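S.K.: Hey, dropping target35.txt in here, compact mmCIF, C-alpha atoms:
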```txt
# COMPACT_ATOMS: atom_id res chain seq x y z
CA MET A 1 11.53 -14.72 -16.22
CA VAL A 2 11.42 -13.35 -19.77
CA GLU A 3 14.74 -12.44 -21.38
CA ASN A 4 14.99 -9.19 -23.35
CA ASN A 5 18.39 -7.68 -24.05
CA ASN A 6 16.99 -4.17 -24.49
CA ASN A 7 14.59 -4.28 -21.56
CA LYS A 8 14.89 -2.14 -18.42
CA SER A 9 13.66 -3.71 -15.19
CA GLY A 10 13.98 -3.44 -11.44
CA PHE A 11 12.42 -2.97 -8.04
CA VAL A 12 11.23 0.48 -7.00
CA ALA A 13 10.59 1.42 -3.36
CA LEU A 14 7.81 3.94 -2.70
CA LEU A 15 8.51 5.79 0.54
CA GLY A 16 6.71 8.59 2.34
CA ARG A 17 4.68 9.64 5.35
CA PRO A 18 1.23 8.12 5.94
CA ASN A 19 -1.51 9.25 3.58
CA VAL A 20 0.81 11.02 1.16
CA GLY A 21 -0.60 9.13 -1.84
CA LYS A 22 1.76 6.19 -2.41
CA SER A 23 -0.99 3.60 -2.91
CA THR A 24 -2.92 5.93 -5.20
CA LEU A 25 0.17 6.46 -7.36
CA MET A 26 0.93 2.75 -7.60
CA ASN A 27 -2.67 1.95 -8.56
CA TYR A 28 -2.54 4.67 -11.24
CA LEU A 29 0.72 3.40 -12.71
CA VAL A 30 -0.35 -0.24 -12.72
CA GLY A 31 -3.77 0.65 -14.14
CA GLN A 32 -5.74 -1.37 -11.61
CA LYS A 33 -6.23 -1.42 -7.86
CA VAL A 34 -3.50 -3.42 -6.13
CA ALA A 35 -3.36 -1.39 -2.90
CA ILE A 36 -6.25 0.00 -0.89
CA THR A 37 -6.67 3.73 -0.44
CA SER A 38 -8.40 5.81 2.21
CA ASN A 39 -8.50 9.37 3.50
CA LYS A 40 -7.41 7.94 6.86
CA PRO A 41 -3.63 7.72 7.44
CA GLN A 42 -1.63 4.50 7.86
CA THR A 43 -3.85 2.57 5.47
CA THR A 44 -1.12 0.28 4.10
CA ARG A 45 0.17 -2.34 6.55
CA ASN A 46 2.34 -4.57 4.36
CA LYS A 47 4.80 -4.14 1.56
CA ILE A 48 2.63 -4.56 -1.53
CA SER A 49 4.16 -4.95 -4.97
CA GLY A 50 2.48 -3.54 -8.06
CA ILE A 51 3.93 -4.52 -11.42
CA LEU A 52 4.09 -2.08 -14.34
CA THR A 53 5.03 -3.62 -17.69
CA THR A 54 5.57 -1.75 -20.96
CA ASP A 55 7.16 -2.86 -24.22
CA ASP A 56 10.66 -2.08 -22.96
CA MET A 57 10.38 -1.84 -19.17
CA GLN A 58 9.11 -3.65 -16.10
CA ALA A 59 9.02 -1.76 -12.80
CA ILE A 60 8.03 -3.65 -9.65
CA PHE A 61 6.76 -1.06 -7.17
CA VAL A 62 7.01 -1.83 -3.46
CA ASP A 63 4.30 0.25 -1.78
CA THR A 64 5.30 0.54 1.86
CA PRO A 65 3.45 1.49 5.02
CA GLY A 66 3.87 5.17 5.82
CA ILE A 67 6.74 5.80 8.22
CA PHE A 68 5.82 7.29 11.61
CA LYS A 69 6.80 7.03 15.28
CA PRO A 70 5.78 3.55 16.51
CA HIS A 71 3.46 3.12 19.49
CA LEU A 72 2.34 -0.51 19.11
CA ASN A 73 3.83 -3.79 17.91
CA LEU A 74 1.86 -3.38 14.69
CA ASP A 75 3.34 0.11 14.25
CA GLU A 76 6.85 -1.28 14.66
CA TYR A 77 6.06 -3.97 12.12
CA MET A 78 4.89 -1.31 9.66
CA ASP A 79 8.03 0.79 10.11
CA LYS A 80 10.24 -2.30 9.66
CA ALA A 81 8.33 -3.11 6.48
CA SER A 82 9.06 0.36 5.14
CA LEU A 83 12.74 0.38 6.08
CA SER A 84 13.32 -3.13 4.75
CA SER A 85 12.09 -1.98 1.35
CA LEU A 86 15.37 -0.07 1.01
CA LYS A 87 17.19 -3.39 0.77
CA ASP A 88 17.68 -4.93 -2.65
CA VAL A 89 15.86 -2.24 -4.64
CA ASP A 90 17.21 -0.55 -7.74
CA PHE A 91 15.48 2.79 -7.33
CA ILE A 92 13.70 4.82 -4.63
CA LEU A 93 10.79 7.22 -5.02
CA PHE A 94 10.31 9.45 -1.99
CA MET A 95 6.89 11.08 -2.06
CA VAL A 96 6.05 14.27 -0.17
CA GLU A 97 3.22 16.79 -0.16
CA PRO A 98 3.60 20.32 -1.63
CA GLU A 99 4.52 22.01 1.64
CA GLU A 100 7.59 22.93 3.65
CA MET A 101 9.67 19.97 4.80
CA GLY A 102 8.51 18.87 8.24
CA LYS A 103 10.13 16.64 10.84
CA GLY A 104 8.60 13.48 9.42
CA ASP A 105 9.91 14.08 5.91
CA ALA A 106 13.30 15.17 7.27
CA TYR A 107 13.49 11.91 9.26
CA ILE A 108 12.82 9.79 6.18
CA ALA A 109 15.27 11.84 4.10
CA SER A 110 17.96 11.23 6.70
CA MET A 111 17.63 7.48 6.11
CA LEU A 112 18.31 7.98 2.41
CA LYS A 113 21.67 9.71 2.67
CA ASP A 114 23.74 6.54 2.45
CA VAL A 115 21.70 4.45 0.02
CA LYS A 116 23.57 3.25 -3.06
CA VAL A 117 20.72 3.57 -5.58
CA PRO A 118 19.16 6.63 -7.27
CA VAL A 119 16.57 8.51 -5.19
CA ILE A 120 13.90 10.67 -6.83
CA LEU A 121 11.72 13.19 -5.00
CA LEU A 122 8.05 13.15 -5.99
CA ILE A 123 6.02 16.16 -4.89
CA ASN A 124 2.46 14.84 -4.97
CA LYS A 125 -0.89 16.68 -5.03
CA VAL A 126 0.50 19.54 -7.11
CA ASP A 127 -2.96 20.04 -8.59
CA GLN A 128 -3.90 21.59 -5.23
CA VAL A 129 -1.29 24.39 -5.20
CA ASN A 130 0.03 27.23 -7.37
CA PRO A 131 3.13 26.09 -9.34
CA ASN A 132 5.10 29.05 -7.92
CA GLU A 133 4.79 27.53 -4.45
CA LEU A 134 6.84 24.51 -5.53
CA LEU A 135 10.16 26.28 -6.11
CA PRO A 136 11.06 26.97 -2.44
CA ILE A 137 9.97 23.42 -1.54
CA ILE A 138 12.25 21.94 -4.21
CA ASP A 139 15.12 24.14 -2.99
CA GLN A 140 14.71 22.80 0.55
CA TYR A 141 15.10 19.23 -0.64
CA ARG A 142 17.80 20.10 -3.17
CA ASN A 143 19.99 21.36 -0.32
CA LEU A 144 20.04 17.84 1.15
CA ASN A 145 22.11 16.59 -1.81
CA ILE A 146 20.22 13.29 -1.91
CA PHE A 147 17.96 13.42 -4.95
CA LYS A 148 18.74 12.87 -8.62
CA GLU A 149 15.48 14.41 -9.86
CA PHE A 150 12.55 16.46 -8.55
CA LEU A 151 9.20 15.65 -10.13
CA PRO A 152 5.87 17.40 -9.45
CA VAL A 153 3.03 14.87 -9.83
CA SER A 154 -0.62 14.32 -9.05
CA ALA A 155 -1.42 10.67 -8.40
CA THR A 156 -5.14 11.34 -8.78
CA GLN A 157 -5.03 13.54 -11.90
CA GLY A 158 -2.13 11.92 -13.75
CA VAL A 159 -0.04 15.11 -13.75
CA GLY A 160 3.66 14.40 -14.34
CA ILE A 161 3.21 10.67 -14.95
CA SER A 162 4.78 10.75 -18.43
CA ASP A 163 7.86 12.45 -16.92
CA LEU A 164 7.97 9.82 -14.19
CA MET A 165 7.85 7.03 -16.78
CA GLN A 166 10.82 8.58 -18.60
CA VAL A 167 12.79 8.86 -15.36
CA LEU A 168 12.02 5.25 -14.46
CA HIS A 169 13.31 4.09 -17.83
CA GLN A 170 16.39 6.26 -17.48
CA TYR A 171 17.48 5.01 -14.06
CA LEU A 172 16.38 1.37 -14.00
CA PRO A 173 19.11 -1.09 -15.01
CA GLU A 174 18.91 -3.34 -18.02
CA GLY A 175 17.39 -6.68 -17.13
CA PRO A 176 14.73 -9.30 -17.82
CA LYS A 177 11.01 -9.17 -17.10
CA TYR A 178 10.60 -10.92 -13.76
CA PHE A 179 6.84 -11.37 -14.14
CA GLY A 180 4.44 -12.05 -16.99
CA SER A 181 3.17 -9.02 -18.88
CA ASP A 182 -0.39 -9.51 -17.60
CA GLN A 183 0.56 -9.81 -13.89
CA ILE A 184 -0.07 -6.66 -11.83
CA THR A 185 0.86 -7.79 -8.30
CA ASP A 186 2.83 -10.48 -6.49
CA ARG A 187 0.28 -10.77 -3.70
CA PRO A 188 -1.98 -13.84 -3.48
CA GLU A 189 -5.68 -13.41 -4.12
CA TYR A 190 -6.72 -14.09 -0.51
CA PHE A 191 -4.51 -11.21 0.65
CA MET A 192 -6.06 -8.85 -1.88
CA VAL A 193 -9.56 -9.96 -0.83
CA ALA A 194 -8.81 -9.24 2.83
CA GLU A 195 -7.44 -5.80 1.89
CA LEU A 196 -10.57 -4.92 -0.11
CA ILE A 197 -12.75 -5.77 2.89
CA ARG A 198 -10.51 -3.71 5.17
CA GLU A 199 -10.76 -0.80 2.73
CA GLN A 200 -14.53 -0.70 3.19
CA ILE A 201 -14.13 -0.75 6.98
CA LEU A 202 -11.78 2.24 6.65
CA LYS A 203 -14.30 4.09 4.50
CA LEU A 204 -17.51 3.32 6.36
CA THR A 205 -16.79 3.15 10.09
CA ALA A 206 -16.07 5.63 12.88
CA GLU A 207 -12.64 7.04 13.75
CA GLU A 208 -11.85 4.62 16.58
CA VAL A 209 -12.52 1.50 14.52
CA PRO A 210 -10.46 1.44 11.29
CA HIS A 211 -6.97 0.84 12.64
CA ALA A 212 -8.27 -1.52 15.32
CA ALA A 213 -9.67 -3.81 12.60
CA ALA A 214 -7.89 -6.68 10.88
CA VAL A 215 -9.31 -9.05 8.27
CA TRP A 216 -8.39 -12.68 7.78
CA VAL A 217 -9.79 -14.81 4.95
CA GLU A 218 -10.70 -18.20 6.35
CA GLN A 219 -11.74 -19.85 3.08
CA MET A 220 -12.04 -19.03 -0.62
CA ASN A 221 -11.59 -22.30 -2.48
CA LYS A 222 -15.15 -23.63 -2.77
CA HIS A 223 -17.83 -22.99 -5.41
CA GLU A 224 -21.57 -23.39 -4.95
CA ASN A 225 -24.22 -22.45 -7.52
CA ASN A 226 -21.51 -21.04 -9.79
CA LYS A 227 -20.34 -18.62 -7.10
CA LEU A 228 -17.05 -18.56 -5.21
CA GLN A 229 -17.71 -18.89 -1.47
CA ILE A 230 -15.52 -16.59 0.61
CA GLU A 231 -15.52 -16.63 4.41
CA ALA A 232 -13.65 -13.91 6.29
CA THR A 233 -13.32 -12.77 9.89
CA ILE A 234 -13.02 -9.14 10.95
CA TYR A 235 -11.06 -8.82 14.21
CA VAL A 236 -11.44 -5.79 16.49
CA GLU A 237 -10.07 -4.99 19.94
CA LYS A 238 -13.21 -3.97 21.86
CA SER A 239 -16.84 -5.02 22.11
CA GLY A 240 -17.91 -1.47 21.28
CA GLN A 241 -15.94 -1.62 18.03
CA LYS A 242 -17.65 -4.90 17.17
CA GLY A 243 -21.01 -3.20 17.70
CA ILE A 244 -20.03 -0.35 15.37
CA ILE A 245 -18.96 -2.69 12.59
CA ILE A 246 -22.11 -4.80 12.89
CA GLY A 247 -24.36 -1.75 13.18
CA LYS A 248 -28.00 -1.54 14.15
CA GLY A 249 -29.74 -4.66 12.94
CA GLY A 250 -26.54 -5.71 11.13
CA LYS A 251 -26.88 -2.78 8.70
CA MET A 252 -23.21 -1.68 8.74
CA LEU A 253 -21.81 -5.20 8.31
CA LYS A 254 -24.22 -5.77 5.45
CA GLN A 255 -23.03 -2.60 3.71
CA ILE A 256 -19.38 -3.55 4.24
CA GLY A 257 -20.17 -6.89 2.66
CA ILE A 258 -22.04 -5.42 -0.32
CA ASN A 259 -19.32 -2.90 -1.14
CA SER A 260 -16.53 -5.45 -0.63
CA ARG A 261 -18.24 -8.07 -2.78
CA ARG A 262 -18.44 -5.68 -5.73
CA GLN A 263 -14.73 -4.90 -5.49
CA ILE A 264 -13.81 -8.58 -5.05
CA GLU A 265 -15.86 -9.62 -8.08
CA ASP A 266 -14.08 -6.97 -10.17
CA LEU A 267 -10.74 -8.28 -8.91
CA LEU A 268 -11.44 -11.97 -9.46
CA GLY A 269 -13.68 -11.71 -12.50
CA GLU A 270 -16.36 -14.03 -11.10
CA LYS A 271 -19.46 -14.01 -8.92
CA VAL A 272 -18.89 -14.24 -5.18
CA ASN A 273 -20.82 -15.06 -2.02
CA LEU A 274 -19.11 -13.22 0.83
CA HIS A 275 -19.70 -14.29 4.42
CA LEU A 276 -18.34 -12.01 7.16
CA TRP A 277 -17.98 -12.55 10.89
CA VAL A 278 -16.79 -10.08 13.54
CA LYS A 279 -14.76 -11.22 16.57
CA VAL A 280 -13.12 -9.41 19.48
CA GLN A 281 -9.39 -10.09 19.91
CA ARG A 282 -8.34 -7.75 22.69
CA ASN A 283 -5.18 -5.71 22.11
CA TRP A 284 -4.32 -7.70 18.98
CA ARG A 285 -2.10 -4.92 17.65
CA SER A 286 0.28 -5.53 20.59
CA ASP A 287 0.14 -9.34 20.40
CA PRO A 288 3.06 -10.71 18.32
CA GLN A 289 1.63 -14.23 18.28
CA PHE A 290 -1.70 -13.04 16.90
CA LEU A 291 0.02 -10.72 14.40
CA ARG A 292 1.92 -13.71 13.00
CA ARG A 293 -1.29 -15.75 12.89
CA ILE A 294 -3.01 -13.22 10.62
CA GLY A 295 -0.07 -12.79 8.30
CA TYR A 296 2.20 -10.12 9.82
CA ASN A 297 5.43 -12.10 10.00
CA PRO A 298 8.41 -10.13 11.39
CA LYS A 299 10.80 -12.68 9.82
CA ASP A 300 9.81 -11.34 6.42
CA PHE A 301 11.43 -8.03 7.32
CA THR A 302 14.72 -8.99 8.92
```
Could I get this structure in the form of structure tokens?

M.R.:
Amino acid sequence: MVENNNNKSGFVALLGRPNVGKSTLMNYLVGQKVAITSNKPQTTRNKISGILTTDDMQAIFVDTPGIFKPHLNLDEYMDKASLSSLKDVDFILFMVEPEEMGKGDAYIASMLKDVKVPVILLINKVDQVNPNELLPIIDQYRNLNIFKEFLPVSATQGVGISDLMQVLHQYLPEGPKYFGSDQITDRPEYFMVAELIREQILKLTAEEVPHAAAVWVEQMNKHENNKLQIEATIYVEKSGQKGIIIGKGGKMLKQIGINSRRQIEDLLGEKVNLHLWVKVQRNWRSDPQFLRRIGYNPKDFT
């Protein structure tokens, strides 16, 4: 922990519905990928912290799973992860899309009425709409009497980011830097590796597969021929899903491996040999024991 009497620092929760752009925003602010992104909803499954450090500020962003009505044990876990992020944070960013407030956004807003820390509304994807369309949307949220500020942003184009940085500095309390200036996430490398593999599954496979797939890194501590050896298992729920991930003649699995390896090498800064296996674990999303085994620990969110 680095002391600095003039420094602002704190923990910032990023809340919003699935696929609203929370991970994209955090990656943009941190300047490097720390959370996977996809055009499929419910991409994020854990609370993932990205760390933004400037000369006079350190903001630790908690990127949460999108909040939605749970149907499975994994869904409940994801909602608990999001709600628990409201504990012990100094600041909340609630991200919405540039459209009328729907039931999902109203539900999340209702949870913010009694929080004791500043809440800022971020209207994302404003590059896709006419600025005049934003005024009635802002009025809808203003009437809730929850938000300190209303900021139009584009997490992909960088619109409004300088304003967001000013607001962060304004509302974060004075405090020390909790992490080193060169650290961008609090997640261990094996977790990030598993997420990068899962990102490629999300991008490359059919609709029924992505959210039925989990990745667990079995080993990544051995070097051979100046390359880090990584072994990981992809778990799916059905034999048909396994067939889709492997593909004809192993073509899909090979492509997942190629794309993942490139991302992992960029992350780790070294050459990698990536070995992937695919296994069927039936109904794993509703199996608490298996969820704990692959890193989803409910005790972390109580």

S.K.: Report, in Å to a single decimal, how far apart CA of Val20 in chain A and CA of Asn259 in chain A are.

M.R.: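 Rounded to one decimal, the two atoms are 24.6 Å apart.
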
S.K.: Write out as a list in words which residues come within 9 Å of Met101 in chain A when counting all atoms listed in the file, dropping same-chain ones fewer than 3 positions away.

M.R.: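 Here the qualifying residues turn out to be Val96, Glu97, Pro98, Gly104, Asp105, Ala106, Ile137, Gln140 and Tyr141 of chain A.
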
S.K.: Taking all atoms listed in the file into account, which of A:Leu268, A:Val129, A:Leu122, A:Ile294 comes nearest Glu218 in chain A?

M.R.: A:Ile294

S.K.: Measuring atom to atom with all atoms listed in the file, identify which of A:Met111, A:Ile123, A:Leu29, A:Met165 is nearest to Pro152 in chain A.

M.R.: A:Ile123

S.K.: Can you tell me which residues surround Ile258 in chain A at a distance of at most 9 Å, considering only C-alpha atoms, apart from same-chain residues fewer than 5 positions away, and format the answer as a ChimeraX atom specification?

M.R.: /A:253,263,274

S.K.: If I take CA of Asn226 in chain A and CA of Val272 in chain A, how far is one from the other in Å, to one decimal?

M.R.: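 Going from CA of Asn226 in chain A over to CA of Val272 in chain A, I get 8.6 Å.
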
S.K.: For Ile201 in chain A, work out the shell of residues within 10 Å, counting all atoms listed in the file and skipping chain neighbours fewer than 6 positions away, then give it as a list of chain:residue names.

M.R.: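 Counting all atoms listed in the file, the residues come to A:Ser38, A:Glu195, A:Val209, A:Pro210, A:His211, A:Ala213, A:Ala214, A:Val215, A:Ile234, A:Ile245, A:Met252, A:Leu253, A:Gln255, A:Ile256, A:Gly257, A:Asn259, A:Ser260.
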
S.K.: As a ChimeraX atom specification, please: the residues near Lys116 in chain A (cut-off 12 Å, all atoms listed in the file, same-chain neighbours under 3 positions excluded).

M.R.: /A:86-92,111-113,119,146-147

S.K.: Calculate how many Å separate CA of Thr54 in chain A from CA of Leu25 in chain A, rounding to one decimal.

M.R.: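 Going from CA of Thr54 in chain A over to CA of Leu25 in chain A covers 16.8 Å.
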
S.K.: Which residue out of A:Thr53, A:Tyr107, A:Arg285, A:Arg262 has the minimum interatomic distance to Gly180 in chain A when only C-alpha atoms are used?

M.R.: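 Smallest distance to Gly180 in chain A is found for A:Thr53.
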
S.K.: Around range 220-224 of chain A, fit a box with edges along x, y and z, padding it by 6 Å on each side, then list its centre and edge lengths in Å to one decimal as JSON.

M.R.:
```
{"center_x": -16.6, "center_y": -21.3, "center_z": -3.0, "size_x": 22.0, "size_y": 16.6, "size_z": 16.8}
```

S.K.: Between A:Gln200, A:Asn273, A:Gln128, A:Gln289, which is the closest to Gln219 in chain A once you count only C-alpha atoms?

M.R.: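 Using only C-alpha atoms, the shortest distance to Gln219 in chain A belongs to A:Asn273.
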
S.K.: Of the candidates A:Leu267, A:Pro118, A:Glu100, A:Gly243, which shows the shortest atom-to-atom distance to Leu172 in chain A, using all atoms listed in the file?

M.R.: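 Using all atoms listed in the file, Leu172 in chain A sits closest to A:Pro118.
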
S.K.: Point out the residue among A:Lys177, A:Tyr235, A:Glu189, A:Ala13 with the least atom-to-atom distance to Asn221 in chain A, counting all atoms listed in the file.

M.R.: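 Among A:Lys177, A:Tyr235, A:Glu189, A:Ala13, it is A:Glu189 that comes nearest to Asn221 in chain A.
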
S.K.: Please identify all polymer residues within 8 Å of Tyr190 in chain A, counting all atoms listed in the file, omitting same-chain residues fewer than 4 positions from it, and present them as an NGL selection string.

M.R.: :A and (194 or 217 or 220)
